[in-house]
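Engineer: What follows is the file upload11.cif, containing mmCIF, C-alpha atoms:
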data_upload
loop_
_atom_site.label_atom_id
_atom_site.label_comp_id
_atom_site.auth_asym_id
_atom_site.auth_seq_id
_atom_site.Cartn_x
_atom_site.Cartn_y
_atom_site.Cartn_z
CA MET A 1 -23.76 2.74 13.26
CA ALA A 2 -21.74 5.97 13.51
CA VAL A 3 -22.82 6.19 17.16
CA LEU A 4 -21.42 2.72 17.84
CA ARG A 5 -18.08 3.31 16.09
CA PRO A 6 -16.33 4.87 19.14
CA VAL A 7 -17.64 2.05 21.33
CA PHE A 8 -16.37 -0.67 18.98
CA GLU A 9 -13.04 1.12 18.57
CA ARG A 10 -12.53 1.21 22.34
CA PHE A 11 -13.43 -2.47 22.57
CA TYR A 12 -10.94 -3.21 19.79
CA ALA A 13 -8.17 -1.25 21.51
CA VAL A 14 -8.59 -3.31 24.69
CA ALA A 15 -8.91 -6.65 22.87
CA LYS A 16 -5.93 -5.87 20.63
CA ASN A 17 -3.67 -5.10 23.59
CA ILE A 18 -4.58 -8.44 25.15
CA LEU A 19 -4.65 -10.75 22.12
CA ALA A 20 -2.22 -9.11 19.66
CA PRO A 21 -0.13 -6.54 21.54
CA GLY A 22 1.76 -4.12 19.33
CA LEU A 23 -0.56 -4.65 16.36
CA ARG A 24 -0.90 -1.67 14.04
CA SER A 25 -1.58 -0.92 10.42
CA SER A 26 0.99 -1.97 7.82
CA GLN A 27 0.90 1.67 6.68
CA PHE A 28 3.24 2.49 9.56
CA THR A 29 5.74 -0.09 8.34
CA TYR A 30 5.49 1.33 4.82
CA LYS A 31 6.13 4.82 6.20
CA HIS A 32 9.24 3.61 8.03
CA VAL A 33 10.68 1.92 4.91
CA LEU A 34 9.86 4.99 2.80
CA GLN A 35 11.59 7.32 5.25
CA SER A 36 14.74 5.21 5.04
CA SER A 37 14.65 5.25 1.22
CA ILE A 38 14.53 9.04 0.71
CA HIS A 39 17.57 11.26 0.24
CA GLN A 40 17.97 14.97 -0.45
CA GLU A 41 18.79 14.71 -4.16
CA ALA A 42 16.12 12.11 -4.99
CA ASN A 43 13.63 12.53 -7.79
CA TRP A 44 10.61 10.65 -6.46
CA LEU A 45 7.54 9.44 -8.38
CA ASP A 46 4.48 8.19 -6.50
CA LEU A 47 2.30 5.87 -8.62
CA GLY A 48 -1.45 6.04 -8.03
CA CYS A 49 -0.74 8.83 -5.56
CA GLY A 50 -4.37 9.26 -4.47
CA HIS A 51 -5.29 12.01 -1.99
CA GLN A 52 -1.95 12.15 -0.18
CA VAL A 53 1.19 10.18 0.62
CA PHE A 54 -0.17 8.60 3.83
CA PRO A 55 -3.81 7.80 4.71
CA LYS A 56 -5.65 10.67 6.35
CA TRP A 57 -6.56 8.56 9.38
CA MET A 58 -2.92 8.35 10.45
CA PRO A 59 -2.43 10.69 13.44
CA THR A 60 0.34 12.79 11.87
CA ALA A 61 -0.35 12.16 8.17
CA ASP A 62 -0.12 15.80 7.08
CA GLN A 63 3.04 16.52 9.06
CA ASP A 64 4.67 13.28 7.89
CA GLN A 65 3.84 14.09 4.28
CA LEU A 66 5.35 17.56 4.61
CA GLU A 67 8.47 16.24 6.34
CA ILE A 68 9.13 13.40 3.93
CA SER A 69 8.50 15.45 0.79
CA SER A 70 10.96 18.07 2.05
CA ARG A 71 13.67 15.40 2.17
CA CYS A 72 13.73 14.83 -1.60
CA LYS A 73 14.55 17.05 -4.58
CA VAL A 74 11.19 16.68 -6.29
CA LEU A 75 8.00 14.69 -5.70
CA ILE A 76 5.71 13.93 -8.63
CA GLY A 77 2.39 12.13 -8.33
CA ILE A 78 0.55 10.34 -11.10
CA ASP A 79 -3.01 9.06 -10.85
CA TYR A 80 -5.86 8.56 -13.29
CA ASP A 81 -8.44 9.74 -10.76
CA LEU A 82 -8.70 13.51 -11.25
CA ARG A 83 -10.61 14.06 -8.02
CA SER A 84 -7.82 12.52 -5.97
CA LEU A 85 -5.15 14.58 -7.74
CA GLN A 86 -7.04 17.79 -7.09
CA GLN A 87 -7.18 17.02 -3.38
CA HIS A 88 -3.47 16.18 -3.06
CA ARG A 89 -1.51 19.00 -1.43
CA GLY A 90 1.90 17.36 -1.01
CA LEU A 91 3.17 17.18 -4.60
CA ASN A 92 5.52 19.39 -6.58
CA HIS A 93 3.82 18.25 -9.78
CA LYS A 94 0.58 16.36 -10.52
CA ILE A 95 0.00 14.27 -13.64
CA ARG A 96 -3.21 12.57 -14.67
CA GLY A 97 -2.29 9.41 -16.52
CA ASN A 98 -2.10 5.63 -16.84
CA ILE A 99 0.60 4.19 -14.60
CA GLU A 100 1.15 1.32 -17.05
CA HIS A 101 2.33 3.88 -19.66
CA LEU A 102 4.45 6.44 -17.83
CA PRO A 103 5.04 9.77 -19.62
CA PHE A 104 8.64 10.22 -18.46
CA ARG A 105 12.07 9.96 -20.03
CA ASN A 106 14.38 7.01 -19.40
CA GLN A 107 16.27 7.11 -16.09
CA SER A 108 14.40 10.12 -14.70
CA PHE A 109 13.86 8.97 -11.10
CA ASP A 110 15.78 7.66 -8.10
CA LEU A 111 12.70 6.35 -6.28
CA VAL A 112 9.30 5.12 -7.43
CA THR A 113 6.65 4.21 -4.86
CA SER A 114 3.27 2.51 -4.88
CA ASN A 115 1.10 2.39 -1.77
CA MET A 116 -1.83 -0.05 -2.03
CA VAL A 117 -2.03 0.33 -5.81
CA LEU A 118 -0.51 -2.75 -7.47
CA GLU A 119 -3.53 -4.91 -6.64
CA HIS A 120 -5.49 -2.69 -9.07
CA VAL A 121 -3.06 -3.08 -12.01
CA ARG A 122 -4.24 -5.14 -15.00
CA ASP A 123 -0.77 -5.72 -16.49
CA PRO A 124 1.94 -5.69 -13.80
CA SER A 125 4.58 -6.79 -16.31
CA ALA A 126 3.98 -3.64 -18.36
CA LEU A 127 4.05 -1.52 -15.22
CA LEU A 128 7.31 -3.05 -13.98
CA SER A 129 8.94 -2.55 -17.37
CA GLU A 130 7.95 1.11 -17.28
CA VAL A 131 9.22 1.56 -13.72
CA HIS A 132 12.52 -0.13 -14.63
CA ARG A 133 12.84 2.16 -17.65
CA ILE A 134 12.39 5.42 -15.74
CA LEU A 135 14.58 4.46 -12.77
CA ARG A 136 18.24 5.39 -12.74
CA PRO A 137 20.82 2.68 -12.02
CA GLY A 138 20.69 2.03 -8.29
CA GLY A 139 17.14 3.36 -8.13
CA LEU A 140 14.47 1.71 -5.99
CA PHE A 141 10.86 0.69 -6.51
CA LEU A 142 9.12 0.54 -3.14
CA PHE A 143 5.63 -0.93 -2.99
CA HIS A 144 3.02 -1.86 -0.39
CA THR A 145 0.21 -4.18 -1.47
CA PRO A 146 -2.09 -6.92 -0.10
CA ASN A 147 -0.76 -10.47 0.00
CA ALA A 148 -2.69 -12.77 -2.37
CA LEU A 149 -2.56 -15.51 0.28
CA GLY A 150 -3.66 -13.27 3.14
CA TYR A 151 -7.08 -13.97 4.63
CA THR A 152 -8.34 -10.45 3.85
CA THR A 153 -7.49 -10.83 0.16
CA LEU A 154 -8.95 -14.33 -0.07
CA ILE A 155 -12.23 -13.10 1.41
CA ALA A 156 -12.28 -9.97 -0.78
CA ARG A 157 -11.83 -12.05 -3.93
CA LEU A 158 -14.89 -14.12 -3.03
CA LEU A 159 -17.16 -11.12 -2.60
CA PRO A 160 -19.05 -9.57 -5.53
CA ASP A 161 -18.17 -5.94 -6.26
CA PHE A 162 -21.58 -4.65 -5.16
CA VAL A 163 -21.08 -6.26 -1.75
CA LYS A 164 -17.61 -4.72 -1.37
CA LEU A 165 -19.02 -1.30 -2.23
CA LYS A 166 -21.35 -1.68 0.75
CA LEU A 167 -18.87 -3.22 3.18
CA VAL A 168 -15.85 -0.97 2.68
CA PRO A 169 -17.52 2.28 3.83
CA PHE A 170 -19.00 0.42 6.81
CA LEU A 171 -15.89 -1.49 7.91
CA GLN A 172 -13.18 1.01 6.94
CA ASP A 173 -14.97 4.37 7.13
CA ARG A 174 -13.89 4.99 3.53
CA PRO A 175 -16.09 6.49 0.77
CA ALA A 176 -17.36 4.11 -1.91
CA GLU A 177 -15.77 6.27 -4.64
CA ASP A 178 -12.37 5.27 -3.26
CA VAL A 179 -13.04 1.58 -3.99
CA PHE A 180 -11.52 0.48 -7.32
CA PRO A 181 -11.48 -2.85 -9.21
CA THR A 182 -8.83 -5.33 -8.04
CA TYR A 183 -6.94 -8.03 -9.97
CA TYR A 184 -4.17 -9.24 -7.59
CA ARG A 185 -1.75 -10.12 -10.41
CA PHE A 186 1.39 -9.02 -8.54
CA ASN A 187 0.50 -10.06 -5.03
CA SER A 188 2.38 -13.20 -4.10
CA ILE A 189 6.04 -13.90 -3.42
CA ARG A 190 6.20 -16.20 -6.42
CA LYS A 191 4.74 -13.67 -8.86
CA ILE A 192 6.76 -10.79 -7.48
CA ASN A 193 10.03 -12.69 -7.81
CA ALA A 194 9.21 -14.04 -11.27
CA LEU A 195 8.10 -10.73 -12.78
CA ALA A 196 10.86 -8.72 -11.12
CA HIS A 197 13.61 -10.96 -12.47
CA ARG A 198 12.01 -11.12 -15.90
CA VAL A 199 12.08 -7.32 -16.17
CA GLY A 200 15.60 -7.01 -14.79
CA PHE A 201 15.09 -5.96 -11.19
CA THR A 202 16.96 -7.29 -8.19
CA VAL A 203 14.62 -8.16 -5.32
CA PHE A 204 16.24 -6.08 -2.59
CA GLU A 205 13.66 -6.84 0.12
CA LEU A 206 10.34 -8.64 0.46
CA ARG A 207 8.70 -8.23 3.83
CA MET A 208 5.49 -10.04 4.81
CA VAL A 209 3.73 -7.87 7.38
CA GLU A 210 0.63 -7.95 9.54
CA SER A 211 -1.91 -5.16 9.65
CA SER A 212 -4.87 -3.95 11.68
CA ALA A 213 -7.99 -6.07 12.05
CA GLN A 214 -10.71 -5.41 9.48
CA THR A 215 -13.72 -6.40 11.59
CA VAL A 216 -13.52 -3.67 14.22
CA MET A 217 -17.08 -2.56 13.42
CA LEU A 218 -18.39 -6.06 14.15
CA GLY A 219 -17.75 -5.69 17.87
CA PRO A 220 -16.83 -8.98 19.64
CA LEU A 221 -16.51 -10.70 16.25
CA VAL A 222 -13.12 -9.01 15.95
CA ILE A 223 -11.76 -11.45 18.55
CA PRO A 224 -11.38 -14.44 16.15
CA GLU A 225 -9.56 -12.18 13.69
CA LEU A 226 -7.16 -10.99 16.39
CA LEU A 227 -6.47 -14.61 17.35
CA LEU A 228 -5.71 -15.40 13.71
CA ILE A 229 -3.36 -12.42 13.47
CA ARG A 230 -1.56 -13.65 16.57
CA LEU A 231 -1.20 -17.11 15.00
CA LEU A 232 0.28 -15.58 11.84
CA ARG A 233 3.08 -14.06 13.92
CA PHE A 234 4.73 -17.49 14.00
CA GLU A 235 7.49 -17.62 11.40
CA MET A 236 6.07 -20.77 9.78
CA PHE A 237 2.98 -18.73 8.80
CA ARG A 238 4.74 -15.54 7.67
CA ASN A 239 3.77 -16.04 4.02
CA LEU A 240 0.09 -15.90 5.02
CA ARG A 241 0.27 -12.45 6.58
CA THR A 242 -2.01 -9.87 5.04
CA ASN A 243 0.41 -7.45 3.39
CA VAL A 244 3.63 -7.29 1.39
CA ILE A 245 6.18 -4.50 1.42
CA GLY A 246 8.77 -4.93 -1.30
CA VAL A 247 11.82 -3.08 -2.54
CA LEU A 248 13.11 -3.78 -6.05
CA LYS A 249 16.40 -2.33 -7.25
CA ARG A 250 17.56 -1.46 -10.73
CA GLU A 251 21.20 -2.46 -10.85
CA ALA A 252 22.10 -1.14 -14.31
#
Would you write out, as structure tokens, the structure that this file holds?
Structural biologist:
Amino acid sequence: MAVLRPVFERFYAVAKNILAPGLRSSQFTYKHVLQSSIHQEANWLDLGCGHQVFPKWMPTADQDQLEISSRCKVLIGIDYDLRSLQQHRGLNHKIRGNIEHLPFRNQSFDLVTSNMVLEHVRDPSALLSEVHRILRPGGLFLFHTPNALGYTTLIARLLPDFVKLKLVPFLQDRPAEDVFPTYYRFNSIRKINALAHRVGFTVFELRMVESSAQTVMLGPLVIPELLLIRLLRFEMFRNLRTNVIGVLKREA
């Protein structure tokens, strides 16, 4: 199938421009929001930091990581996966640990981020409490995560883990070792608002965003998905888009 990948990708590029012009990964939206949240004196913690700040498939991922990390005072990454930490080249400090029990003092950070991580968290209430604790007043928690009501999440939740371990490398060109268990316990507008207010956060922004089609490697079968994405662009369906980008603020 590796031989067919370029063919399917070209087909997708043409079909996308016709059926859903302007469509691109939600990672680009996350990058834009992150860039606007960084300042020179910021202490920044990236939760579940993985291999790097932005996915390696993004055209300028390495340059963007270097540029954005240079705009803050310090960038610390925490992840339980040692292999990912060892590969990460954009951090001032690396910590192997559980993101639900953060090993930092109170009010240590101005910005905490989480890029496609919260869907893997067993106890989001514990995580939010920890993030609130380590943020300074006025600090922000920026996260990017799948929407529990999005069609991609609904399908993923129906599939057994052994099936997902086969599909993800095929559909997303991602190694199976990068596929982790998911719980989706902080992945709807209702749950985000409820847990955020319970912990003491102000919901500064909640943005429901579209993202790239997932069935590119299925050739013409990507067309129904592109039509669905186009339908979800109507405001009445915004809450069914595939991804959520949120910004929570600690007021005091």
Engineer: Determine the axis-aligned bounding box of all atoms of stretch 105-122 of chain A present in the file, pad each side by 8 Å, and express its centre and edge lengths in Å to one decimal place as JSON.
Structural biologist:
{"center_x": 5.4, "center_y": 2.5, "center_z": -10.9, "size_x": 37.8, "size_y": 31.3, "size_z": 34.3}
Engineer: Here is a test: counting all atoms listed in the file, which residue of A:Asn187, A:Asn98, A:Gln214, A:Gln40 is nearest to A:Asp81?
Structural biologist: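 The answer is A:Asn98, which sits nearest to A:Asp81.
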Engineer: One decimal, Å: what's the distance from atom CA of A:Ala20 over to atom CA of A:Leu226, could you say?
Structural biologist: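 Between atom CA of A:Ala20 and atom CA of A:Leu226 the gap is 6.2 Å.
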Engineer: Identify which of the residues A:Phe186, A:Trp44, A:Phe11, A:Phe237 lies closest to A:Leu140, counting all atoms listed in the file when measuring atom-to-atom distances.
Structural biologist: A:Trp44
Engineer: Tell me, in Å to one decimal, how far atom CA of A:Leu23 is from atom CA of A:Leu227.
Structural biologist: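 So the two atoms, atom CA of A:Leu23 and atom CA of A:Leu227, lie 11.6 Å apart.
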Engineer: Could you write out as a compact mmCIF listing (two decimals) with C-alpha atoms, in the frame of the given file the residues that the PyMOL selection byres ((chain A and resi 219) around 9) matches in the shown file?
Structural biologist:
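Output saved as selection28.txt:
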# COMPACT_ATOMS: atom_id res chain seq x y z
CA VAL A 7 -17.64 2.05 21.33
CA PHE A 8 -16.37 -0.67 18.98
CA GLU A 9 -13.04 1.12 18.57
CA PHE A 11 -13.43 -2.47 22.57
CA TYR A 12 -10.94 -3.21 19.79
CA THR A 215 -13.72 -6.40 11.59
CA VAL A 216 -13.52 -3.67 14.22
CA MET A 217 -17.08 -2.56 13.42
CA LEU A 218 -18.39 -6.06 14.15
CA PRO A 220 -16.83 -8.98 19.64
CA LEU A 221 -16.51 -10.70 16.25
CA VAL A 222 -13.12 -9.01 15.95
CA ILE A 223 -11.76 -11.45 18.55
Engineer: Counting all atoms listed in the file, which residues have an atom no more than 12 Å from (2.4, -7.2, -7.4) in the file's coordinates? Please list them as JSON, numbers by chain.
Structural biologist: {"A": [114, 115, 116, 117, 118, 119, 120, 121, 122, 123, 124, 125, 126, 127, 128, 141, 142, 143, 144, 145, 146, 147, 148, 182, 183, 184, 185, 186, 187, 188, 189, 190, 191, 192, 193, 194, 195, 196, 206, 243, 244, 245, 246, 247, 248]}
Engineer: Dump C-alpha atoms for the selected residues as a JSON list (two decimals), in the frame of the given file?
Structural biologist:
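The resulting file, part37.json, is shown below:
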[["chain", "number", "residue", "atom", "x", "y", "z"],
["A", 114, "SER", "CA", 3.27, 2.51, -4.88],
["A", 115, "ASN", "CA", 1.10, 2.39, -1.77],
["A", 116, "MET", "CA", -1.83, -0.05, -2.03],
["A", 117, "VAL", "CA", -2.03, 0.33, -5.81],
["A", 118, "LEU", "CA", -0.51, -2.75, -7.47],
["A", 119, "GLU", "CA", -3.53, -4.91, -6.64],
["A", 120, "HIS", "CA", -5.49, -2.69, -9.07],
["A", 121, "VAL", "CA", -3.06, -3.08, -12.01],
["A", 122, "ARG", "CA", -4.24, -5.14, -15.00],
["A", 123, "ASP", "CA", -0.77, -5.72, -16.49],
["A", 124, "PRO", "CA", 1.94, -5.69, -13.80],
["A", 125, "SER", "CA", 4.58, -6.79, -16.31],
["A", 126, "ALA", "CA", 3.98, -3.64, -18.36],
["A", 127, "LEU", "CA", 4.05, -1.52, -15.22],
["A", 128, "LEU", "CA", 7.31, -3.05, -13.98],
["A", 141, "PHE", "CA", 10.86, 0.69, -6.51],
["A", 142, "LEU", "CA", 9.12, 0.54, -3.14],
["A", 143, "PHE", "CA", 5.63, -0.93, -2.99],
["A", 144, "HIS", "CA", 3.02, -1.86, -0.39],
["A", 145, "THR", "CA", 0.21, -4.18, -1.47],
["A", 146, "PRO", "CA", -2.09, -6.92, -0.10],
["A", 147, "ASN", "CA", -0.76, -10.47, 0.00],
["A", 148, "ALA", "CA", -2.69, -12.77, -2.37],
["A", 182, "THR", "CA", -8.83, -5.33, -8.04],
["A", 183, "TYR", "CA", -6.94, -8.03, -9.97],
["A", 184, "TYR", "CA", -4.17, -9.24, -7.59],
["A", 185, "ARG", "CA", -1.75, -10.12, -10.41],
["A", 186, "PHE", "CA", 1.39, -9.02, -8.54],
["A", 187, "ASN", "CA", 0.50, -10.06, -5.03],
["A", 188, "SER", "CA", 2.38, -13.20, -4.10],
["A", 189, "ILE", "CA", 6.04, -13.90, -3.42],
["A", 190, "ARG", "CA", 6.20, -16.20, -6.42],
["A", 191, "LYS", "CA", 4.74, -13.67, -8.86],
["A", 192, "ILE", "CA", 6.76, -10.79, -7.48],
["A", 193, "ASN", "CA", 10.03, -12.69, -7.81],
["A", 194, "ALA", "CA", 9.21, -14.04, -11.27],
["A", 195, "LEU", "CA", 8.10, -10.73, -12.78],
["A", 196, "ALA", "CA", 10.86, -8.72, -11.12],
["A", 206, "LEU", "CA", 10.34, -8.64, 0.46],
["A", 243, "ASN", "CA", 0.41, -7.45, 3.39],
["A", 244, "VAL", "CA", 3.63, -7.29, 1.39],
["A", 245, "ILE", "CA", 6.18, -4.50, 1.42],
["A", 246, "GLY", "CA", 8.77, -4.93, -1.30],
["A", 247, "VAL", "CA", 11.82, -3.08, -2.54],
["A", 248, "LEU", "CA", 13.11, -3.78, -6.05]]
Engineer: Give me, as a PyMOL selection string, all polymer residues having an atom no more than 8 Å from A:Ile76, counting only C-alpha atoms and skipping those fewer than 2 positions away in the same chain.
Structural biologist: chain A and resi 44-46+74+78+91-95
Engineer: Quick one: distance from atom CA of A:Glu67 to atom CA of A:Ser37 in Å, one decimal?
Structural biologist: 13.6 Å
Engineer: Please expand the PyMOL selection byres ((chain A and resi 110) around 12) into the concrete residues it hits in this file, giving the result as a ChimeraX atom specification.
Structural biologist: /A:37-46,72-76,106-109,111-113,131-142,248-251
Engineer: Need the shell around stretch 228-230 of chain A: protein/DNA/RNA residues with any atom at most 9 Å away, counting all atoms listed in the file. Skip same-chain ones fewer than 5 positions apart. Format as a PyMOL selection string?
Structural biologist: chain A and resi 19-21+23+210-213+223+241-242
Engineer: Please evaluate the PyMOL selection byres ((chain A and resi 61-66) around 12) against the structure above and give the resulting residues as an NGL selection string.
Structural biologist: :A and (27-28 or 31-32 or 34-35 or 51-60 or 67-72 or 75 or 88-92)
Engineer: Go through A:Phe180, A:Leu240, A:Phe234, A:Phe104 one by one, measure the shortest atom-to-atom distance of each to A:Thr152 using only C-alpha atoms, and give the residue with the smallest value.
Structural biologist: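 Of A:Phe180, A:Leu240, A:Phe234, A:Phe104, the one nearest A:Thr152 is A:Leu240, counting only C-alpha atoms.
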Engineer: Which of these residues is nearest to A:Leu149, using only C-alpha atoms: A:Arg83, A:Arg207, A:His197, A:Arg238?
Structural biologist: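 When distances to A:Leu149 are compared using only C-alpha atoms, the smallest one comes from A:Arg238.
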Engineer: When you count only C-alpha atoms, which of these residues is closest to A:Leu232: A:Val33, A:Arg198, A:Gly150, A:Glu205?
Structural biologist: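 Ranking A:Val33, A:Arg198, A:Gly150, A:Glu205 by distance to A:Leu232, first place goes to A:Gly150.
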